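Okay, entry_21.tsv is below, TSV, C-alpha atoms:
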```tsv
chain	number	residue	atom	x	y	z
A	1	MET	CA	101.38	153.06	122.65
A	2	VAL	CA	101.38	149.41	121.66
A	3	GLU	CA	102.26	146.17	123.42
A	4	ALA	CA	104.22	143.67	121.35
A	5	THR	CA	105.54	140.30	122.43
A	6	SER	CA	107.26	139.38	119.15
A	7	VAL	CA	109.28	141.27	116.57
A	8	ASP	CA	106.84	140.36	113.77
A	9	GLU	CA	103.94	141.76	115.76
A	10	LEU	CA	105.88	144.96	116.35
A	11	ILE	CA	106.94	145.40	112.71
A	12	ASN	CA	103.39	144.81	111.47
A	13	PHE	CA	102.12	147.54	113.76
A	14	VAL	CA	104.83	149.97	112.60
A	15	LEU	CA	104.02	149.44	108.92
A	16	LYS	CA	100.27	149.71	109.53
A	17	TYR	CA	100.68	152.88	111.59
A	18	ALA	CA	102.90	154.45	108.93
A	19	ARG	CA	100.29	153.76	106.21
A	20	GLU	CA	97.52	155.24	108.36
A	21	MET	CA	99.58	158.38	108.87
A	22	GLY	CA	100.10	158.80	105.12
A	23	VAL	CA	103.69	157.64	104.95
A	24	SER	CA	104.69	155.96	101.69
A	25	SER	CA	103.31	152.45	101.37
A	26	ALA	CA	106.74	151.40	100.09
A	27	LEU	CA	108.11	151.72	103.63
A	28	SER	CA	109.91	148.55	104.76
A	29	VAL	CA	112.02	147.34	107.65
A	30	ASP	CA	115.54	146.27	106.72
A	31	GLN	CA	117.46	143.48	108.42
A	32	LYS	CA	119.52	145.82	110.62
A	33	THR	CA	116.39	147.47	111.99
A	34	ARG	CA	114.78	144.07	112.50
A	35	ASN	CA	117.80	142.87	114.49
A	36	ILE	CA	117.65	145.93	116.74
A	37	LEU	CA	113.92	145.55	117.36
A	38	GLU	CA	114.36	141.85	118.03
A	39	ASP	CA	117.04	142.65	120.61
A	40	TYR	CA	114.62	144.89	122.51
A	41	VAL	CA	111.82	142.33	122.42
A	42	THR	CA	114.22	139.61	123.60
A	43	ARG	CA	115.13	141.83	126.56
A	44	ALA	CA	111.41	142.04	127.45
A	45	PHE	CA	110.80	145.56	126.16
A	46	ASN	CA	107.18	144.94	125.23
A	47	TYR	CA	105.65	148.43	125.36
A	48	TRP	CA	106.36	150.85	122.51
A	49	VAL	CA	105.45	154.44	121.71
A	50	PHE	CA	105.67	155.81	118.17
A	51	ASP	CA	105.46	159.34	116.85
A	52	LEU	CA	106.01	161.05	113.52
A	53	VAL	CA	108.24	164.11	113.37
A	54	ASP	CA	108.55	166.36	110.33
A	55	VAL	CA	112.15	167.27	109.54
A	56	TYR	CA	112.83	170.78	108.24
A	57	SER	CA	115.94	172.48	106.94
A	58	ALA	CA	115.52	175.19	109.57
A	59	THR	CA	116.05	174.52	113.29
A	60	LYS	CA	112.81	173.91	115.17
A	61	THR	CA	111.75	172.47	118.50
A	62	VAL	CA	109.26	169.74	119.31
A	63	GLU	CA	106.82	169.94	122.21
A	64	PRO	CA	108.19	167.65	124.93
A	65	VAL	CA	106.28	164.53	125.94
A	66	VAL	CA	106.38	163.06	129.45
A	67	TYR	CA	106.36	159.32	129.99
A	68	GLU	CA	106.08	158.15	133.57
A	69	PHE	CA	106.91	154.59	134.63
A	70	ARG	CA	108.58	152.66	137.43
A	71	SER	CA	112.08	151.37	136.91
A	72	VAL	CA	114.90	150.01	139.04
A	73	LYS	CA	117.39	151.75	136.74
A	74	LEU	CA	117.95	155.13	135.15
A	75	TYR	CA	117.19	154.28	131.55
A	76	TYR	CA	117.01	155.94	128.13
A	77	PRO	CA	116.90	154.00	124.81
A	78	LEU	CA	119.69	154.88	122.40
A	79	LYS	CA	120.31	151.70	120.42
A	80	VAL	CA	117.04	152.13	118.52
A	81	SER	CA	118.48	155.32	116.98
A	82	ALA	CA	121.06	153.22	115.13
A	83	THR	CA	118.35	152.48	112.55
A	84	ALA	CA	119.12	155.95	111.10
A	85	LYS	CA	122.30	157.13	109.38
A	86	GLY	CA	124.59	160.08	109.89
A	87	ARG	CA	126.38	161.82	112.71
A	88	THR	CA	124.63	162.91	115.88
A	89	ASN	CA	125.12	164.83	119.09
A	90	ILE	CA	123.00	163.52	121.98
A	91	ILE	CA	122.83	165.20	125.38
A	92	LEU	CA	120.87	163.67	128.26
A	93	TYR	CA	119.98	165.89	131.21
A	94	LEU	CA	119.74	163.75	134.34
A	95	ILE	CA	118.20	164.61	137.70
A	96	THR	CA	119.11	162.06	140.37
A	97	PRO	CA	119.17	161.80	144.19
A	98	GLU	CA	122.95	161.32	144.16
A	99	PRO	CA	125.68	162.57	141.81
A	100	ILE	CA	126.34	160.36	138.77
A	101	SER	CA	129.91	159.08	138.51
A	102	GLU	CA	131.52	158.97	135.07
A	103	GLN	CA	132.65	155.42	135.88
A	104	ILE	CA	129.11	154.02	135.75
A	105	ILE	CA	127.83	155.58	132.53
A	106	PRO	CA	128.27	153.79	129.16
A	107	ALA	CA	131.84	153.80	127.87
A	108	LYS	CA	130.98	155.74	124.70
A	109	MET	CA	129.42	158.57	126.70
A	110	ARG	CA	130.91	161.10	129.07
A	111	VAL	CA	129.80	163.82	131.43
A	112	ALA	CA	129.48	167.01	129.38
A	113	ARG	CA	131.91	169.86	130.07
A	114	TYR	CA	131.82	173.63	130.14
A	115	GLN	CA	134.29	174.90	127.56
A	116	PRO	CA	136.98	176.14	127.45
A	117	ILE	CA	137.54	175.43	131.16
A	118	ASP	CA	136.66	171.71	130.81
A	119	GLN	CA	134.53	171.71	133.98
A	120	ARG	CA	131.98	168.92	134.45
A	121	ILE	CA	128.34	169.97	134.05
A	122	GLN	CA	127.17	168.60	137.37
A	123	PHE	CA	125.69	170.56	140.27
A	124	GLN	CA	123.03	170.51	142.96
A	125	LEU	CA	119.44	171.63	142.49
A	126	SER	CA	117.34	173.20	145.22
A	127	SER	CA	113.65	172.48	145.70
A	128	GLN	CA	112.94	175.83	144.04
A	129	ASP	CA	115.02	174.82	141.01
A	130	LEU	CA	113.11	171.54	140.73
A	131	ALA	CA	109.74	173.29	140.97
A	132	THR	CA	110.82	175.64	138.18
A	133	ILE	CA	111.51	172.66	135.94
A	134	ASP	CA	108.21	170.96	136.81
A	135	PRO	CA	106.23	170.70	140.07
A	136	ASN	CA	105.86	166.95	139.50
A	137	VAL	CA	109.63	166.58	139.33
A	138	ALA	CA	110.02	168.41	142.63
A	139	GLU	CA	107.74	165.87	144.31
A	140	LEU	CA	110.13	163.07	143.33
A	141	PHE	CA	112.98	164.55	145.37
A	142	PRO	CA	112.03	165.44	148.95
A	143	ALA	CA	114.65	167.54	150.70
A	144	VAL	CA	117.16	165.36	152.55
A	145	ASP	CA	120.21	166.72	154.41
A	146	GLY	CA	119.99	170.04	152.58
A	147	ALA	CA	120.50	168.40	149.18
A	148	GLU	CA	117.39	167.88	147.07
A	149	ALA	CA	118.84	166.49	143.83
A	150	TRP	CA	121.77	166.51	141.44
A	151	PHE	CA	121.81	167.66	137.83
A	152	THR	CA	124.22	165.97	135.41
A	153	ALA	CA	124.56	166.37	131.65
A	154	VAL	CA	125.92	163.35	129.77
A	155	LYS	CA	126.85	163.41	126.10
A	156	TYR	CA	127.31	161.16	123.09
A	157	GLU	CA	128.90	162.50	119.92
A	158	GLY	CA	129.52	160.27	116.92
A	159	GLU	CA	127.94	158.12	114.24
A	160	LEU	CA	124.40	156.84	114.73
A	161	GLN	CA	125.46	153.39	113.59
A	162	ASP	CA	127.83	153.19	116.57
A	163	LEU	CA	124.93	153.43	119.02
A	164	ASP	CA	125.04	149.79	120.02
A	165	PHE	CA	123.94	150.45	123.61
A	166	ASP	CA	121.24	152.05	125.75
A	167	PHE	CA	121.87	154.49	128.56
A	168	GLU	CA	121.34	152.31	131.62
A	169	VAL	CA	122.55	153.15	135.11
A	170	SER	CA	121.60	151.51	138.37
A	171	LEU	CA	119.72	153.77	140.77
A	172	HIS	CA	121.90	152.34	143.54
A	173	PRO	CA	125.43	152.88	142.24
A	174	THR	CA	128.59	152.06	144.13
A	175	PRO	CA	128.64	154.37	147.16
A	176	CYS	CA	131.14	157.19	147.38
A	177	ARG	CA	132.22	156.12	150.84
A	178	SER	CA	133.47	152.84	152.25
A	179	ILE	CA	133.93	151.34	155.70
A	180	GLU	CA	135.67	148.19	156.92
A	181	VAL	CA	135.74	146.52	160.32
A	182	ASP	CA	138.27	143.83	161.31
A	183	THR	CA	139.50	142.03	164.41
A	184	ASP	CA	143.02	140.78	165.11
A	185	LYS	CA	141.75	137.18	164.84
A	186	ALA	CA	138.52	135.25	164.36
A	187	GLU	CA	138.50	133.02	167.46
A	188	TYR	CA	139.14	133.90	171.11
A	189	TRP	CA	139.20	132.25	174.52
A	190	LEU	CA	136.97	133.70	177.19
A	191	GLY	CA	138.99	136.31	179.07
A	192	GLU	CA	140.98	137.42	176.03
A	193	SER	CA	140.72	141.00	174.77
A	194	VAL	CA	139.37	141.63	171.29
A	195	ARG	CA	141.17	144.28	169.26
A	196	THR	CA	138.74	145.80	166.71
A	197	THR	CA	139.70	148.30	164.01
A	198	VAL	CA	137.37	150.50	161.94
A	199	GLN	CA	138.55	152.13	158.70
A	200	PHE	CA	136.29	154.76	157.13
A	201	THR	CA	137.09	156.21	153.68
A	202	HIS	CA	135.41	159.58	153.35
A	203	LEU	CA	135.44	159.95	149.56
A	204	LEU	CA	136.29	157.36	146.91
A	205	PRO	CA	137.93	158.35	143.58
A	206	GLU	CA	135.64	159.94	140.95
A	207	CYS	CA	133.16	160.97	143.65
A	208	VAL	CA	132.21	164.53	144.53
A	209	GLU	CA	131.29	165.93	147.92
A	210	ILE	CA	128.04	167.74	148.59
A	211	GLN	CA	128.99	171.34	149.35
A	212	VAL	CA	126.97	171.86	152.51
A	213	VAL	CA	128.08	171.88	156.13
A	214	HIS	CA	127.89	168.32	157.39
A	215	LEU	CA	129.68	165.56	159.26
A	216	HIS	CA	129.83	161.76	159.15
A	217	GLN	CA	129.10	159.79	162.29
A	218	VAL	CA	130.94	156.48	162.40
A	219	ARG	CA	129.33	153.88	164.63
A	220	LEU	CA	130.76	150.61	165.95
A	221	GLU	CA	128.48	148.09	167.65
A	222	VAL	CA	129.01	144.64	169.17
A	223	ARG	CA	126.08	142.29	169.74
A	224	ASP	CA	125.97	138.81	171.24
A	225	SER	CA	124.21	135.76	169.78
A	226	THR	CA	120.86	136.91	171.22
A	227	GLY	CA	121.11	140.27	169.47
A	228	ALA	CA	121.71	142.20	172.68
A	229	ARG	CA	124.18	145.07	172.33
A	230	VAL	CA	127.22	144.55	174.53
A	231	GLY	CA	129.30	147.51	173.36
A	232	SER	CA	129.14	150.62	171.18
A	233	TRP	CA	131.41	153.50	170.14
A	234	GLN	CA	130.91	156.62	167.99
A	235	TRP	CA	133.17	159.09	166.20
A	236	GLN	CA	132.50	162.16	164.06
A	237	THR	CA	134.63	163.10	161.07
A	238	ASN	CA	134.77	164.98	157.77
A	239	SER	CA	137.72	162.99	156.44
A	240	ASP	CA	139.16	159.48	156.47
A	241	LEU	CA	139.14	157.85	159.89
A	242	THR	CA	140.84	154.86	161.50
A	243	GLU	CA	140.01	153.90	165.07
A	244	THR	CA	140.91	150.86	167.16
A	245	VAL	CA	139.14	149.78	170.34
A	246	THR	CA	139.80	146.89	172.72
A	247	TRP	CA	137.01	145.13	174.57
A	248	LYS	CA	136.58	141.87	176.48
A	249	PRO	CA	133.66	139.44	175.99
A	250	GLU	CA	131.91	138.43	179.19
A	251	ALA	CA	130.48	135.14	177.91
A	252	ALA	CA	131.26	132.48	175.37
A	253	GLY	CA	129.39	132.52	172.06
A	254	ILE	CA	129.31	134.18	168.65
A	255	TYR	CA	129.57	137.97	168.54
A	256	SER	CA	128.47	140.15	165.61
A	257	ILE	CA	130.48	143.32	165.04
A	258	SER	CA	129.16	146.05	162.72
A	259	ALA	CA	130.54	149.41	161.61
A	260	SER	CA	128.48	152.02	159.78
A	261	SER	CA	128.59	155.67	158.73
A	262	TRP	CA	125.71	158.13	158.98
A	263	TRP	CA	125.34	161.51	157.27
A	264	ASN	CA	124.95	164.07	160.08
A	265	GLY	CA	124.18	161.14	162.34
A	266	GLU	CA	120.82	160.58	160.66
A	267	LYS	CA	121.08	159.13	157.12
A	268	TRP	CA	122.70	155.69	156.68
A	269	GLU	CA	125.55	155.59	154.14
A	270	VAL	CA	127.65	152.39	154.24
A	271	GLU	CA	128.09	149.43	156.56
A	272	ASP	CA	130.35	146.43	157.15
A	273	HIS	CA	130.08	143.34	159.37
A	274	THR	CA	132.27	140.63	160.83
A	275	GLU	CA	131.89	137.86	163.44
A	276	ILE	CA	134.08	136.30	166.09
A	277	THR	CA	133.73	133.11	168.14
A	278	VAL	CA	134.50	133.15	171.86
A	279	SER	CA	135.08	129.76	173.53
A	280	GLU	CA	135.24	128.84	177.18
A	281	GLU	CA	138.53	129.30	179.08
A	282	ALA	CA	141.63	127.81	177.51
A	283	PRO	CA	142.07	124.11	178.50
A	284	SER	CA	144.37	123.37	181.42
A	285	ALA	CA	147.08	120.71	181.37
A	286	GLU	CA	144.68	118.26	183.05
A	287	THR	CA	142.22	118.49	180.15
A	288	ILE	CA	144.80	118.14	177.41
A	289	SER	CA	144.77	114.74	175.74
A	290	PRO	CA	147.73	112.36	176.30
A	291	SER	CA	148.64	112.42	172.64
A	292	ALA	CA	148.91	116.21	172.73
A	293	LEU	CA	151.08	116.03	175.87
A	294	ILE	CA	153.39	113.53	174.17
A	295	GLN	CA	153.62	115.72	171.10
A	296	TRP	CA	154.51	118.79	173.18
A	297	PHE	CA	157.07	116.71	175.14
A	298	MET	CA	158.75	115.60	171.90
A	299	TYR	CA	158.89	119.20	170.69
A	300	GLY	CA	160.58	120.13	173.99
A	301	VAL	CA	163.09	117.33	173.70
A	302	ILE	CA	164.00	118.33	170.15
A	303	ILE	CA	164.44	121.99	171.09
A	304	ALA	CA	166.51	121.08	174.16
A	305	THR	CA	168.74	118.76	172.12
A	306	MET	CA	169.36	121.49	169.52
A	307	CYS	CA	170.32	123.93	172.27
A	308	ILE	CA	172.75	121.42	173.82
A	309	LEU	CA	174.40	120.71	170.47
A	310	ALA	CA	174.75	124.42	169.79
A	311	GLY	CA	176.36	124.91	173.23
A	312	VAL	CA	178.81	122.07	172.69
A	313	ALA	CA	179.82	123.46	169.30
A	314	ILE	CA	180.43	126.92	170.73
A	315	ALA	CA	182.49	125.50	173.64
A	316	TYR	CA	184.59	123.43	171.23
A	317	LEU	CA	185.35	126.47	169.09
A	318	LEU	CA	186.37	128.53	172.13
A	319	LEU	CA	188.65	125.82	173.47
A	320	ARG	CA	190.27	125.31	170.09
A	321	SER	CA	190.87	129.03	169.76
A	322	ARG	CA	192.63	129.16	173.13
A	323	ALA	CA	194.79	126.11	172.29
A	324	ALA	CA	195.94	127.74	169.09
A	325	LYS	CA	197.16	130.79	171.05
```
Would you encode the structure as structure tokens?
Amino acid sequence: MVEATSVDELINFVLKYAREMGVSSALSVDQKTRNILEDYVTRAFNYWVFDLVDVYSATKTVEPVVYEFRSVKLYYPLKVSATAKGRTNIILYLITPEPISEQIIPAKMRVARYQPIDQRIQFQLSSQDLATIDPNVAELFPAVDGAEAWFTAVKYEGELQDLDFDFEVSLHPTPCRSIEVDTDKAEYWLGESVRTTVQFTHLLPECVEIQVVHLHQVRLEVRDSTGARVGSWQWQTNSDLTETVTWKPEAAGIYSISASSWWNGEKWEVEDHTEITVSEEAPSAETISPSALIQWFMYGVIIATMCILAGVAIAYLLLRSRAAK
């Protein structure tokens, strides 16, 4: 492994390493390869591992090598392979805490399929399955809610020169469930009732459900400006859910309303928040400003005048109709 902070430093190491390993001294780095390496260095990929592999006409396997490092994303370099020529078939076997959606993988890749039934190669792995692969892998996925991990095979098939991307997926993808909480308005007078609606979507498109017995607990909580809980409700469901509750604030202030879903009532899934403002009792006529009273009076006069004119017009038409008879 080597650390390189510039593309020239990296290329010099590659050429030196190749000479030490007996590769032809005429080896050089063309402009396309240099551009690819420079792209990696620019993106702060400073640690590199090199190996030499003998290529035979017969099919052979290479002893696997394990590299362990911390990352905020699921990552595998592919763009570096564009330095070679020809057609390739790349399959990545992924083990993740949650199922990988085809929407979040690179556009030129897809989830591999069983043929001829065209079924996605994606399924759950038990702790025993993980231990069979490698005991160290099993330690990465402690059992949670009866589901230890998910296996997904993703595939690229095409020209090496078209590998202009790396496989890079966030470890916190868009959740497969959603929840929304809303009120009928944002501001209330003290004494008014607050109508609150919770909408829980059980499964978003392109998501798959874990095939174990379970339920989703939907929670609704209301807290005042001090953080004290003034109301709470709970529902259990295995499908979409819409619930509406009505409650009445007992004091003026700002209220925080949150809705969340919990797998089997234990594991947090998704959450949404909103706030309302509750003011003191609605002002009486004595507290209304004179300008407001005048404005309301004018509105009343206008409405009354329109009603009188409409009545006169109707009476005129009726009288004229009778005269004609």
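Shortest separation to Gln122 in chain A among A:Tyr93, A:Trp247, A:Trp233, A:Tyr47 occurs at residue A:Tyr93, atoms counted being all atoms listed in the file.
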Would you tabulate, counting all atoms listed in the file, all residues of range 85-198 of chain A that have an atom at most 12 Å from an atom of range 68-80 of chain A, showing the closest pair of atoms and their distance in Å to one decimal, sorted by chain then ascending number, as a Markdown table?
```
| residue | atom | partner | partner_atom | distance |
| --- | --- | --- | --- | --- |
| A:Lys85 | CA | A:Val80 | CA | 11.7 |
| A:Thr88 | CA | A:Leu78 | CA | 11.5 |
| A:Asn89 | CA | A:Leu78 | CA | 11.8 |
| A:Ile90 | CA | A:Leu78 | CA | 9.3 |
| A:Ile91 | CA | A:Leu78 | CA | 11.2 |
| A:Leu92 | CA | A:Tyr76 | CA | 8.6 |
| A:Tyr93 | CA | A:Tyr76 | CA | 10.8 |
| A:Leu94 | CA | A:Leu74 | CA | 8.8 |
| A:Ile95 | CA | A:Leu74 | CA | 9.8 |
| A:Thr96 | CA | A:Leu74 | CA | 8.8 |
| A:Pro97 | CA | A:Leu74 | CA | 11.3 |
| A:Ile100 | CA | A:Leu74 | CA | 10.5 |
| A:Ile104 | CA | A:Leu74 | CA | 11.2 |
| A:Ile105 | CA | A:Leu74 | CA | 10.2 |
| A:Pro106 | CA | A:Leu78 | CA | 11.0 |
| A:Lys108 | CA | A:Leu78 | CA | 11.6 |
| A:Met109 | CA | A:Leu78 | CA | 11.3 |
| A:Asn136 | CA | A:Glu68 | CA | 10.6 |
| A:Val137 | CA | A:Glu68 | CA | 10.8 |
| A:Leu140 | CA | A:Glu68 | CA | 11.7 |
| A:Val154 | CA | A:Tyr76 | CA | 11.7 |
| A:Lys155 | CA | A:Leu78 | CA | 11.7 |
| A:Tyr156 | CA | A:Leu78 | CA | 9.9 |
| A:Glu159 | CA | A:Lys79 | CA | 11.7 |
| A:Leu160 | CA | A:Lys79 | CA | 8.7 |
| A:Gln161 | CA | A:Lys79 | CA | 8.7 |
| A:Asp162 | CA | A:Lys79 | CA | 8.6 |
| A:Leu163 | CA | A:Lys79 | CA | 5.1 |
| A:Asp164 | CA | A:Lys79 | CA | 5.1 |
| A:Phe165 | CA | A:Lys79 | CA | 5.0 |
| A:Asp166 | CA | A:Leu78 | CA | 4.7 |
| A:Phe167 | CA | A:Tyr76 | CA | 5.1 |
| A:Glu168 | CA | A:Tyr75 | CA | 4.6 |
| A:Val169 | CA | A:Leu74 | CA | 5.0 |
| A:Ser170 | CA | A:Lys73 | CA | 4.5 |
| A:Leu171 | CA | A:Lys73 | CA | 5.1 |
| A:His172 | CA | A:Lys73 | CA | 8.2 |
| A:Pro173 | CA | A:Lys73 | CA | 9.8 |
```
Any idea what's packed within 9 Å of Ser258 in chain A, counting all atoms listed in the file, ignoring anything in its chain fewer than 3 positions away? Could you give it as a ChimeraX atom specification?
/A:180-181,219-223,271-275
Please dump the current selection as a CSV table (one decimal), in the coordinates of the input; keep C-alpha atoms.
```csv
chain,number,residue,atom,x,y,z
A,180,GLU,CA,135.7,148.2,156.9
A,181,VAL,CA,135.7,146.5,160.3
A,219,ARG,CA,129.3,153.9,164.6
A,220,LEU,CA,130.8,150.6,166.0
A,221,GLU,CA,128.5,148.1,167.6
A,222,VAL,CA,129.0,144.6,169.2
A,223,ARG,CA,126.1,142.3,169.7
A,271,GLU,CA,128.1,149.4,156.6
A,272,ASP,CA,130.4,146.4,157.2
A,273,HIS,CA,130.1,143.3,159.4
A,274,THR,CA,132.3,140.6,160.8
A,275,GLU,CA,131.9,137.9,163.4
```
Who sits within 10 Å of Thr197 in chain A, all atoms listed in the file, same chain under 3 positions skipped, as a ChimeraX atom specification
/A:180-184,194,220,242-246,259
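Compared by their closest atoms to Trp262 in chain A, and using all atoms listed in the file, the residues A:Trp235, A:Val230, A:Val218, A:Glu281 rank with A:Val218 nearest.
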Long-range neighbours of range 23-39 of chain A as a CSV table (one decimal) with C-alpha atoms, in the coordinates of the input, 9 Å cut-off, all atoms listed in the file, 2 positions minimum in chain:
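Output file selection.csv is given in full below:
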```
chain,number,residue,atom,x,y,z
A,6,SER,CA,107.3,139.4,119.2
A,7,VAL,CA,109.3,141.3,116.6
A,8,ASP,CA,106.8,140.4,113.8
A,10,LEU,CA,105.9,145.0,116.4
A,11,ILE,CA,106.9,145.4,112.7
A,15,LEU,CA,104.0,149.4,108.9
A,17,TYR,CA,100.7,152.9,111.6
A,18,ALA,CA,102.9,154.4,108.9
A,19,ARG,CA,100.3,153.8,106.2
A,20,GLU,CA,97.5,155.2,108.4
A,21,MET,CA,99.6,158.4,108.9
A,41,VAL,CA,111.8,142.3,122.4
A,42,THR,CA,114.2,139.6,123.6
A,43,ARG,CA,115.1,141.8,126.6
A,44,ALA,CA,111.4,142.0,127.4
A,45,PHE,CA,110.8,145.6,126.2
A,79,LYS,CA,120.3,151.7,120.4
A,80,VAL,CA,117.0,152.1,118.5
A,82,ALA,CA,121.1,153.2,115.1
A,83,THR,CA,118.4,152.5,112.6
A,84,ALA,CA,119.1,156.0,111.1
A,164,ASP,CA,125.0,149.8,120.0
```
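Relative to CA of Leu215 in chain A, CA of Asn264 in chain A is found at 5.0 Å.
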Would you mind telling me which residue in A:Thr277, A:Ser127, A:Thr132, A:Ser239 lies nearest to Ala149 in chain A when using only C-alpha atoms?
A:Ser127
Would you work out the distance separating CA of Val278 in chain A from CA of Val198 in chain A, expressed in Å to one decimal?
20.2 Å
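For the pair CA of Lys267 in chain A and CA of Glu102 in chain A, the separation is 24.4 Å.
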Using all atoms listed in the file, which of the listed residues (A:Ile254, A:Val49, A:Leu130, A:Ala107) sits closest to Val66 in chain A?
A:Val49
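Distance check against Thr237 in chain A using all atoms listed in the file: of A:Val111, A:Ile117, A:Leu203, A:Ala131, the minimum falls on A:Leu203.
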Residues proximal to (123.7, 133.8, 168.3) were defined as those with any atom within 7 Å of that point in the file's coordinates, counting only C-alpha atoms. Which are they, as a PyMOL selection string?
chain A and resi 224-226+253-254
Store the residues of this selection in a file with C-alpha atoms, as a compact mmCIF listing (two decimals), in the frame of the given file.
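Okay, out_33.txt is ready:
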```txt
# COMPACT_ATOMS: atom_id res chain seq x y z
CA ASP A 224 125.97 138.81 171.24
CA SER A 225 124.21 135.76 169.78
CA THR A 226 120.86 136.91 171.22
CA GLY A 253 129.39 132.52 172.06
CA ILE A 254 129.31 134.18 168.65
```
Can you fill out range 49-61 of chain A with N, CA and C atoms and hand it back as an mmCIF file, in the coordinates of the input?
```
data_model
loop_
_atom_site.group_PDB
_atom_site.id
_atom_site.type_symbol
_atom_site.label_atom_id
_atom_site.label_comp_id
_atom_site.auth_asym_id
_atom_site.auth_seq_id
_atom_site.Cartn_x
_atom_site.Cartn_y
_atom_site.Cartn_z
ATOM 1 N N VAL A 49 106.143 153.196 122.053
ATOM 2 C CA VAL A 49 105.450 154.440 121.710
ATOM 3 C C VAL A 49 106.052 154.972 120.431
ATOM 4 N N PHE A 50 105.210 155.311 119.470
ATOM 5 C CA PHE A 50 105.670 155.810 118.170
ATOM 6 C C PHE A 50 105.113 157.207 117.927
ATOM 7 N N ASP A 51 105.905 158.006 117.238
ATOM 8 C CA ASP A 51 105.460 159.340 116.850
ATOM 9 C C ASP A 51 106.110 159.693 115.520
ATOM 10 N N LEU A 52 105.471 160.572 114.790
ATOM 11 C CA LEU A 52 106.010 161.050 113.520
ATOM 12 C C LEU A 52 106.467 162.494 113.694
ATOM 13 N N VAL A 53 107.684 162.765 113.242
ATOM 14 C CA VAL A 53 108.240 164.110 113.370
ATOM 15 C C VAL A 53 108.638 164.585 111.976
ATOM 16 N N ASP A 54 108.160 165.762 111.601
ATOM 17 C CA ASP A 54 108.550 166.360 110.330
ATOM 18 C C ASP A 54 109.921 167.004 110.473
ATOM 19 N N VAL A 55 110.800 166.721 109.514
ATOM 20 C CA VAL A 55 112.150 167.270 109.540
ATOM 21 C C VAL A 55 112.238 168.428 108.559
ATOM 22 N N TYR A 56 112.711 169.581 109.068
ATOM 23 C CA TYR A 56 112.830 170.780 108.240
ATOM 24 C C TYR A 56 114.301 171.169 108.105
ATOM 25 N N SER A 57 114.573 171.985 107.116
ATOM 26 C CA SER A 57 115.940 172.480 106.940
ATOM 27 C C SER A 57 116.293 173.494 108.014
ATOM 28 N N ALA A 58 115.280 174.214 108.511
ATOM 29 C CA ALA A 58 115.520 175.190 109.570
ATOM 30 C C ALA A 58 115.398 174.513 110.938
ATOM 31 N N THR A 59 116.094 175.068 111.942
ATOM 32 C CA THR A 59 116.050 174.520 113.290
ATOM 33 C C THR A 59 114.699 174.803 113.941
ATOM 34 N N LYS A 60 114.093 173.773 114.472
ATOM 35 C CA LYS A 60 112.810 173.910 115.170
ATOM 36 C C LYS A 60 112.815 173.028 116.398
ATOM 37 N N THR A 61 111.864 173.277 117.286
ATOM 38 C CA THR A 61 111.750 172.470 118.500
ATOM 39 C C THR A 61 110.458 171.669 118.464
#
```
